[in-house]
Structure formats: structure tokens, C-alpha cells
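Asker: So here's structure_20.pdb, just PDB, C-alpha atoms:
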```pdb
ATOM      1  CA  MET T   1       0.000   0.000   0.000  1.00  0.00           C
ATOM      2  CA  GLU T   2       1.116   3.507  -0.759  1.00  0.00           C
ATOM      3  CA  LEU T   3       0.320   6.432   1.517  1.00  0.00           C
ATOM      4  CA  TYR T   4       0.700   9.990   0.248  1.00  0.00           C
ATOM      5  CA  LEU T   5       0.970  12.399   3.175  1.00  0.00           C
ATOM      6  CA  ILE T   6      -0.091  15.823   1.906  1.00  0.00           C
ATOM      7  CA  ARG T   7       0.075  19.005   3.949  1.00  0.00           C
ATOM      8  CA  HIS T   8      -2.738  21.505   3.494  1.00  0.00           C
ATOM      9  CA  GLY T   9      -2.129  24.580   1.340  1.00  0.00           C
ATOM     10  CA  ILE T  10      -1.315  28.097   2.552  1.00  0.00           C
ATOM     11  CA  ALA T  11      -3.981  29.184   5.042  1.00  0.00           C
ATOM     12  CA  GLN T  12      -5.023  32.318   6.901  1.00  0.00           C
ATOM     13  CA  GLU T  13      -2.601  33.362   9.602  1.00  0.00           C
ATOM     14  CA  ARG T  14      -3.581  32.740  13.195  1.00  0.00           C
ATOM     15  CA  ALA T  15      -5.458  35.800  14.387  1.00  0.00           C
ATOM     16  CA  ALA T  16      -7.667  36.879  17.242  1.00  0.00           C
ATOM     17  CA  GLY T  17     -11.252  35.904  16.632  1.00  0.00           C
ATOM     18  CA  ILE T  18     -10.491  33.049  14.205  1.00  0.00           C
ATOM     19  CA  LYS T  19     -10.502  29.559  15.662  1.00  0.00           C
ATOM     20  CA  ASP T  20      -7.648  27.406  14.380  1.00  0.00           C
ATOM     21  CA  GLU T  21     -10.038  24.770  13.028  1.00  0.00           C
ATOM     22  CA  GLU T  22     -11.862  27.445  10.979  1.00  0.00           C
ATOM     23  CA  ARG T  23      -8.844  28.939   9.183  1.00  0.00           C
ATOM     24  CA  VAL T  24      -9.359  28.759   5.413  1.00  0.00           C
ATOM     25  CA  LEU T  25      -6.957  28.573   2.494  1.00  0.00           C
ATOM     26  CA  THR T  26      -5.871  31.939   1.173  1.00  0.00           C
ATOM     27  CA  LYS T  27      -6.317  32.829  -2.500  1.00  0.00           C
ATOM     28  CA  GLU T  28      -2.618  32.035  -3.021  1.00  0.00           C
ATOM     29  CA  GLY T  29      -3.055  28.782  -1.090  1.00  0.00           C
ATOM     30  CA  ARG T  30      -5.957  27.686  -3.303  1.00  0.00           C
ATOM     31  CA  GLN T  31      -4.063  28.611  -6.480  1.00  0.00           C
ATOM     32  CA  LYS T  32      -0.825  26.823  -5.495  1.00  0.00           C
ATOM     33  CA  THR T  33      -2.699  23.752  -4.288  1.00  0.00           C
ATOM     34  CA  ASP T  34      -4.648  23.639  -7.548  1.00  0.00           C
ATOM     35  CA  LYS T  35      -1.414  23.890  -9.585  1.00  0.00           C
ATOM     36  CA  VAL T  36       0.178  21.100  -7.531  1.00  0.00           C
ATOM     37  CA  ALA T  37      -2.924  18.944  -8.015  1.00  0.00           C
ATOM     38  CA  GLN T  38      -2.926  19.560 -11.777  1.00  0.00           C
ATOM     39  CA  ARG T  39       0.747  18.578 -11.956  1.00  0.00           C
ATOM     40  CA  LEU T  40       0.044  15.359 -10.032  1.00  0.00           C
ATOM     41  CA  VAL T  41      -2.678  14.544 -12.578  1.00  0.00           C
ATOM     42  CA  GLN T  42      -0.148  15.176 -15.381  1.00  0.00           C
ATOM     43  CA  LEU T  43       2.186  12.724 -13.633  1.00  0.00           C
ATOM     44  CA  ASP T  44      -0.661  10.174 -13.898  1.00  0.00           C
ATOM     45  CA  LEU T  45      -1.132   9.892 -10.147  1.00  0.00           C
ATOM     46  CA  HIS T  46      -4.472   8.664  -8.785  1.00  0.00           C
ATOM     47  CA  PHE T  47      -5.642   7.976  -5.244  1.00  0.00           C
ATOM     48  CA  ASP T  48      -8.192   5.301  -4.393  1.00  0.00           C
ATOM     49  CA  LEU T  49      -9.229   7.472  -1.456  1.00  0.00           C
ATOM     50  CA  ILE T  50      -8.440  10.902  -0.031  1.00  0.00           C
ATOM     51  CA  VAL T  51      -8.714  11.065   3.756  1.00  0.00           C
ATOM     52  CA  THR T  52      -8.671  14.527   5.294  1.00  0.00           C
ATOM     53  CA  SER T  53      -8.419  16.190   8.644  1.00  0.00           C
ATOM     54  CA  PRO T  54     -11.732  17.789   9.669  1.00  0.00           C
ATOM     55  CA  LEU T  55     -10.134  21.259   9.861  1.00  0.00           C
ATOM     56  CA  VAL T  56     -11.352  23.615   7.132  1.00  0.00           C
ATOM     57  CA  ARG T  57      -7.980  24.270   5.462  1.00  0.00           C
ATOM     58  CA  ALA T  58      -7.270  20.544   5.119  1.00  0.00           C
ATOM     59  CA  ARG T  59     -10.790  19.800   3.834  1.00  0.00           C
ATOM     60  CA  GLN T  60     -10.422  22.576   1.251  1.00  0.00           C
ATOM     61  CA  THR T  61      -7.080  21.112   0.137  1.00  0.00           C
ATOM     62  CA  ALA T  62      -8.630  17.637  -0.144  1.00  0.00           C
ATOM     63  CA  GLU T  63     -11.555  19.026  -2.143  1.00  0.00           C
ATOM     64  CA  ILE T  64      -9.139  20.649  -4.611  1.00  0.00           C
ATOM     65  CA  LEU T  65      -7.367  17.291  -5.033  1.00  0.00           C
ATOM     66  CA  ARG T  66     -10.698  15.533  -5.600  1.00  0.00           C
ATOM     67  CA  GLU T  67     -12.064  18.172  -7.976  1.00  0.00           C
ATOM     68  CA  THR T  68      -8.864  18.010 -10.041  1.00  0.00           C
ATOM     69  CA  GLY T  69      -9.539  14.313 -10.627  1.00  0.00           C
ATOM     70  CA  LEU T  70      -6.969  12.729  -8.323  1.00  0.00           C
ATOM     71  CA  SER T  71      -9.738  10.685  -6.670  1.00  0.00           C
ATOM     72  CA  SER T  72     -13.482  10.352  -6.661  1.00  0.00           C
ATOM     73  CA  GLN T  73     -13.571   9.201  -3.026  1.00  0.00           C
ATOM     74  CA  MET T  74     -13.035  11.448  -0.008  1.00  0.00           C
ATOM     75  CA  GLU T  75     -13.729  11.132   3.700  1.00  0.00           C
ATOM     76  CA  GLU T  76     -12.842  12.856   6.961  1.00  0.00           C
ATOM     77  CA  SER T  77     -10.937  11.354   9.864  1.00  0.00           C
ATOM     78  CA  ASN T  78     -10.388  12.945  13.261  1.00  0.00           C
ATOM     79  CA  HIS T  79      -7.142  10.939  13.395  1.00  0.00           C
ATOM     80  CA  LEU T  80      -5.683  13.502  10.953  1.00  0.00           C
ATOM     81  CA  ALA T  81      -6.478  16.503  13.167  1.00  0.00           C
ATOM     82  CA  PRO T  82      -3.375  18.246  14.613  1.00  0.00           C
ATOM     83  CA  ASP T  83      -3.518  16.093  17.757  1.00  0.00           C
ATOM     84  CA  GLY T  84      -3.949  12.845  15.789  1.00  0.00           C
ATOM     85  CA  ASN T  85      -2.024   9.722  16.705  1.00  0.00           C
ATOM     86  CA  ILE T  86      -0.589   7.335  14.121  1.00  0.00           C
ATOM     87  CA  HIS T  87      -0.907   4.321  16.413  1.00  0.00           C
ATOM     88  CA  SER T  88      -4.660   4.819  16.870  1.00  0.00           C
ATOM     89  CA  TRP T  89      -5.048   5.608  13.151  1.00  0.00           C
ATOM     90  CA  LEU T  90      -3.367   2.326  12.216  1.00  0.00           C
ATOM     91  CA  LYS T  91      -5.318   0.287  14.784  1.00  0.00           C
ATOM     92  CA  ASP T  92      -8.745   1.917  14.511  1.00  0.00           C
ATOM     93  CA  TRP T  93      -8.863   3.131  10.901  1.00  0.00           C
ATOM     94  CA  LEU T  94      -6.416   1.347   8.592  1.00  0.00           C
ATOM     95  CA  GLU T  95      -6.166  -2.220   9.905  1.00  0.00           C
ATOM     96  CA  PRO T  96      -9.934  -2.944  10.015  1.00  0.00           C
ATOM     97  CA  ARG T  97     -10.315  -1.887   6.367  1.00  0.00           C
ATOM     98  CA  ASN T  98      -7.918  -4.522   5.051  1.00  0.00           C
ATOM     99  CA  TYR T  99      -7.039  -2.693   1.818  1.00  0.00           C
ATOM    100  CA  ALA T 100      -5.329  -4.471  -1.073  1.00  0.00           C
ATOM    101  CA  GLN T 101      -1.556  -4.032  -1.340  1.00  0.00           C
ATOM    102  CA  ASN T 102      -1.859  -1.880  -4.499  1.00  0.00           C
ATOM    103  CA  THR T 103      -4.156   0.680  -2.815  1.00  0.00           C
ATOM    104  CA  GLN T 104      -3.072   4.326  -2.939  1.00  0.00           C
ATOM    105  CA  ILE T 105      -4.409   6.592  -0.182  1.00  0.00           C
ATOM    106  CA  ALA T 106      -3.802  10.331   0.255  1.00  0.00           C
ATOM    107  CA  LEU T 107      -3.842  11.661   3.822  1.00  0.00           C
ATOM    108  CA  VAL T 108      -4.351  15.425   4.006  1.00  0.00           C
ATOM    109  CA  GLY T 109      -3.367  16.993   7.290  1.00  0.00           C
ATOM    110  CA  HIS T 110      -1.038  19.219   9.260  1.00  0.00           C
ATOM    111  CA  GLU T 111       2.502  19.701  10.452  1.00  0.00           C
ATOM    112  CA  PRO T 112       4.282  18.532  12.455  1.00  0.00           C
ATOM    113  CA  CYS T 113       1.969  15.494  12.603  1.00  0.00           C
ATOM    114  CA  LEU T 114       2.451  14.301   9.024  1.00  0.00           C
ATOM    115  CA  SER T 115       6.250  14.468   9.168  1.00  0.00           C
ATOM    116  CA  GLU T 116       6.188  12.670  12.512  1.00  0.00           C
ATOM    117  CA  TRP T 117       3.898   9.985  11.080  1.00  0.00           C
ATOM    118  CA  ALA T 118       6.257   9.514   8.133  1.00  0.00           C
ATOM    119  CA  GLU T 119       9.270   9.223  10.457  1.00  0.00           C
ATOM    120  CA  ILE T 120       7.512   6.678  12.678  1.00  0.00           C
ATOM    121  CA  LEU T 121       6.602   4.615   9.615  1.00  0.00           C
ATOM    122  CA  LEU T 122      10.170   4.853   8.285  1.00  0.00           C
ATOM    123  CA  TRP T 123      12.327   4.646  11.419  1.00  0.00           C
ATOM    124  CA  GLY T 124       9.977   3.577  14.211  1.00  0.00           C
ATOM    125  CA  GLU T 125      10.267   6.937  15.956  1.00  0.00           C
ATOM    126  CA  ALA T 126       9.886  10.655  15.272  1.00  0.00           C
ATOM    127  CA  LYS T 127      13.294  12.279  14.769  1.00  0.00           C
ATOM    128  CA  ALA T 128      12.294  15.784  13.619  1.00  0.00           C
ATOM    129  CA  SER T 129      14.300  15.215  10.429  1.00  0.00           C
ATOM    130  CA  LEU T 130      11.667  15.543   7.693  1.00  0.00           C
ATOM    131  CA  VAL T 131      10.058  18.830   6.719  1.00  0.00           C
ATOM    132  CA  LEU T 132       6.790  18.889   4.799  1.00  0.00           C
ATOM    133  CA  LYS T 133       6.050  22.243   3.166  1.00  0.00           C
ATOM    134  CA  LYS T 134       2.492  23.518   2.663  1.00  0.00           C
ATOM    135  CA  ALA T 135       0.945  21.635  -0.293  1.00  0.00           C
ATOM    136  CA  GLY T 136       3.987  19.328  -0.248  1.00  0.00           C
ATOM    137  CA  MET T 137       3.860  15.543  -0.265  1.00  0.00           C
ATOM    138  CA  ILE T 138       5.631  12.530   1.216  1.00  0.00           C
ATOM    139  CA  GLY T 139       5.058   9.098  -0.354  1.00  0.00           C
ATOM    140  CA  ILE T 140       5.456   6.044   1.886  1.00  0.00           C
ATOM    141  CA  LYS T 141       5.174   2.411   0.815  1.00  0.00           C
ATOM    142  CA  LEU T 142       3.917   0.166   3.622  1.00  0.00           C
ATOM    143  CA  PRO T 143       5.231  -3.413   3.881  1.00  0.00           C
ATOM    144  CA  GLU T 144       3.000  -6.226   2.645  1.00  0.00           C
ATOM    145  CA  ILE T 145       2.803  -8.008   5.982  1.00  0.00           C
ATOM    146  CA  GLY T 146       3.345  -7.113   9.603  1.00  0.00           C
ATOM    147  CA  SER T 147       3.464  -3.759  11.318  1.00  0.00           C
ATOM    148  CA  PRO T 148       4.561  -0.873   9.098  1.00  0.00           C
ATOM    149  CA  LEU T 149       6.246   0.949  12.001  1.00  0.00           C
ATOM    150  CA  GLY T 150       9.928   1.318  11.231  1.00  0.00           C
ATOM    151  CA  ARG T 151       9.586  -0.945   8.187  1.00  0.00           C
ATOM    152  CA  SER T 152       8.115   1.343   5.530  1.00  0.00           C
ATOM    153  CA  GLN T 153       9.945   2.882   2.598  1.00  0.00           C
ATOM    154  CA  MET T 154       9.842   6.509   1.450  1.00  0.00           C
ATOM    155  CA  PHE T 155       9.630   6.930  -2.305  1.00  0.00           C
ATOM    156  CA  TRP T 156       8.579  10.577  -2.603  1.00  0.00           C
ATOM    157  CA  LEU T 157       9.395  13.822  -0.795  1.00  0.00           C
ATOM    158  CA  THR T 158       8.517  16.888  -2.814  1.00  0.00           C
ATOM    159  CA  PRO T 159       8.007  20.511  -1.821  1.00  0.00           C
ATOM    160  CA  PRO T 160       5.381  22.230  -3.991  1.00  0.00           C
ATOM    161  CA  LYS T 161       7.922  24.461  -5.780  1.00  0.00           C
ATOM    162  CA  TYR T 162       9.159  21.420  -7.721  1.00  0.00           C
ATOM    163  CA  LEU T 163       5.642  20.649  -8.923  1.00  0.00           C
ATOM    164  CA  LEU T 164       4.636  24.145 -10.044  1.00  0.00           C
TER     165      LEU T 164
END
```
As C-alpha cells, how would this structure be written, given the file I've shared?
Answerer:
Amino acid sequence: MELYLIRHGIAQERAAGIKDEERVLTKEGRQKTDKVAQRLVQLDLHFDLIVTSPLVRARQTAEILRETGLSSQMEESNHLAPDGNIHSWLKDWLEPRNYAQNTQIALVGHEPCLSEWAEILLWGEAKASLVLKKAGMIGIKLPEIGSPLGRSQMFWLTPPKYLL
């Protein structure tokens, strides 16, 4: 299985009166995310499912990916919220679904969670080594059998500037 960890696009700055979960993508954020999504389509990428954090900026990013044709399926998961935990996501969300090995799933969320998730899948622990830019993507191939923690393989790490 391939997981594509995608950080949401550029969003409103934190400001008084705006709850973090309600921050939206800026005009520039929507435009850059759309350009990245179009480039991924040109690269013939397709996701069987897009799973997004429930926060507005992540949902908007996921909707852009879906509308561009990267997937027809999208759902929300609280596991991808900023306080999400990879161990509970694996146990409660991924394992019960028993996806085929050739499944490609995009997870749209936030930093530092997505980089930490990638590091845990790759090395078994978060090392604060990977940086995922806004609208950037990390591709991780999970092993066919057994726990993916510390046994996965990274095949993609791209900041958006290389896709525009």
C-alpha cells in the first residue's frame, strides 16, 4: 500500500477571533494547491481514497485534489487533526479496512503530525528530520505483511515548488 501524506495549502494566519479549526486557504493557497494537483494529474497519479483532517484548510485542500480528478472518493478522519495519533489511526482506521496491497491513499493533514507519522513509519520513531512544506507531499510504501512501524519505505518527498 502507498500512503501519500499531503500538507494543506497556505492558510489564513492565526489571528484573534479566528478559531484554528476554521482557518481557510488563502487565495494564493488555493491557487498553489490547484497547480500542484494539476501537476500530479499530469504525472498520472491517482488515489483510491483521499482522507482529510476535519479542519477547514485541510478539507479545502482535499476538495481541490478531488475536484482536479486525483480521486473520486473522499472522507474525513479525526485521526488527521493536529492532535492525531498514528498508532490509533493504524489500529482503529487502517487495519480494520484490510485494503489491497496496491491501494493508494492520500492523507491530508497538518505539520508537524504528518512528518512525525512519516518518520515513525520509516524509522519507528519521530526524529524531527523531515520537513513537509504547505501543499507538499511525502510518499510512503507500507510493507506487505506485519506492522509498518519502522519498516516502511519513502519513495517521494517533494516541496510544492518542484511541482509548479
Asker: Return the single residue from T:Ile50, T:Leu149, T:Ile120, T:Ala81 that is closest to T:Glu67, with distances computed using only C-alpha atoms.
Answerer: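 Ranking T:Ile50, T:Leu149, T:Ile120, T:Ala81 by distance to T:Glu67, first place goes to T:Ile50.
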Asker: Spell out the residues picked by the PyMOL selection byres ((chain T and resi 128-138) around 9) here, as a PyMOL selection string.
Answerer: chain T and resi 3-11+29+32-33+36+61+110-112+114-116+118-119+126-127+139-140+154-161+163
Asker: For the contact check between stretch 12-83 of chain T and stretch 90-103 of chain T, emit one row per residue of stretch 12-83 of chain T within 9 Å, containing the shortest atom pair and the distance in Å rounded to one decimal, counting only C-alpha atoms, chain then rising number order, as JSON lines.
Answerer:
```
{"residue": "T:Phe47", "atom": "CA", "partner": "T:Thr103", "partner_atom": "CA", "distance": 7.8}
{"residue": "T:Asp48", "atom": "CA", "partner": "T:Thr103", "partner_atom": "CA", "distance": 6.3}
{"residue": "T:Leu49", "atom": "CA", "partner": "T:Thr103", "partner_atom": "CA", "distance": 8.6}
{"residue": "T:Ser77", "atom": "CA", "partner": "T:Trp93", "partner_atom": "CA", "distance": 8.5}
{"residue": "T:His79", "atom": "CA", "partner": "T:Trp93", "partner_atom": "CA", "distance": 8.4}
```
Asker: When you draw a straight line from atom CA of T:Thr26 to atom CA of T:Pro54, how long is it in Å?
Answerer: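 Separation between atom CA of T:Thr26 and atom CA of T:Pro54: 17.5 Å.
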Asker: At a cut-off of 12 Å from (-3.3, 24.2, 15.1) in the coordinates of the file, what residues are picked up using only C-alpha atoms, written as a ChimeraX atom specification?
Answerer: /T:8,11-15,18-23,53-58,80-84,109-113
Asker: Please write as a PyMOL selection string the list of polymer residues whose atoms come within 7 Å of (5.6, 3.4, 13.3), counting only C-alpha atoms and keeping to the coordinates of the file.
Answerer: chain T and resi 120-122+124-125+148-150
Asker: Restrict the selected residues to C-alpha atoms and save them as an mmCIF file, in the coordinates of the input.
Answerer:
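part11.cif was written with the following content:
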```
data_model
loop_
_atom_site.group_PDB
_atom_site.id
_atom_site.type_symbol
_atom_site.label_atom_id
_atom_site.label_comp_id
_atom_site.auth_asym_id
_atom_site.auth_seq_id
_atom_site.Cartn_x
_atom_site.Cartn_y
_atom_site.Cartn_z
ATOM 1 C CA ILE T 120 7.512 6.678 12.678
ATOM 2 C CA LEU T 121 6.602 4.615 9.615
ATOM 3 C CA LEU T 122 10.170 4.853 8.285
ATOM 4 C CA GLY T 124 9.977 3.577 14.211
ATOM 5 C CA GLU T 125 10.267 6.937 15.956
ATOM 6 C CA PRO T 148 4.561 -0.873 9.098
ATOM 7 C CA LEU T 149 6.246 0.949 12.001
ATOM 8 C CA GLY T 150 9.928 1.318 11.231
#
```
Asker: Hey, can you check how far atom CA of T:Trp89 sits from atom CA of T:Ser152?
Answerer: 15.8 Å
Asker: From the list T:Arg59, T:Thr52, T:Val24, T:Gln38, which residue is nearest T:Glu76 when using only C-alpha atoms?
Answerer: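 Using only C-alpha atoms, T:Glu76 sits closest to T:Thr52.
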Asker: Mind giving me the straight-line distance from atom CA of T:Leu142 to atom CA of T:Asp34 in Å, one decimal?
Answerer: 27.4 Å
Asker: With a distance cut-off of 8 Å and only C-alpha atoms, select the neighbouring residues of T:Ala37, excluding the residue or stretch itself and same-chain residues fewer than 3 positions from it, and output the selection as JSON, numbers by chain.
Answerer: {"T": [33, 34, 40, 41, 64, 65, 68, 70]}
Asker: Pick the closest to T:Val51 from T:Glu75, T:Ser88, T:Met1, T:Lys27: which is it, counting all atoms listed in the file?
Answerer: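 Closest candidate: T:Glu75.
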Asker: Find the residue from T:Trp123, T:Gln60, T:Arg151, T:Pro143 that sits nearest to T:Val108; use only C-alpha atoms when measuring.
Answerer: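 Smallest distance to T:Val108 is found for T:Gln60.
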Asker: T:Ala62, T:Gln42, T:Gln104, T:His87: which is nearest T:Arg30, counting only C-alpha atoms?
Answerer: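 Comparing T:Ala62, T:Gln42, T:Gln104, T:His87 against T:Arg30, the winner is T:Ala62.
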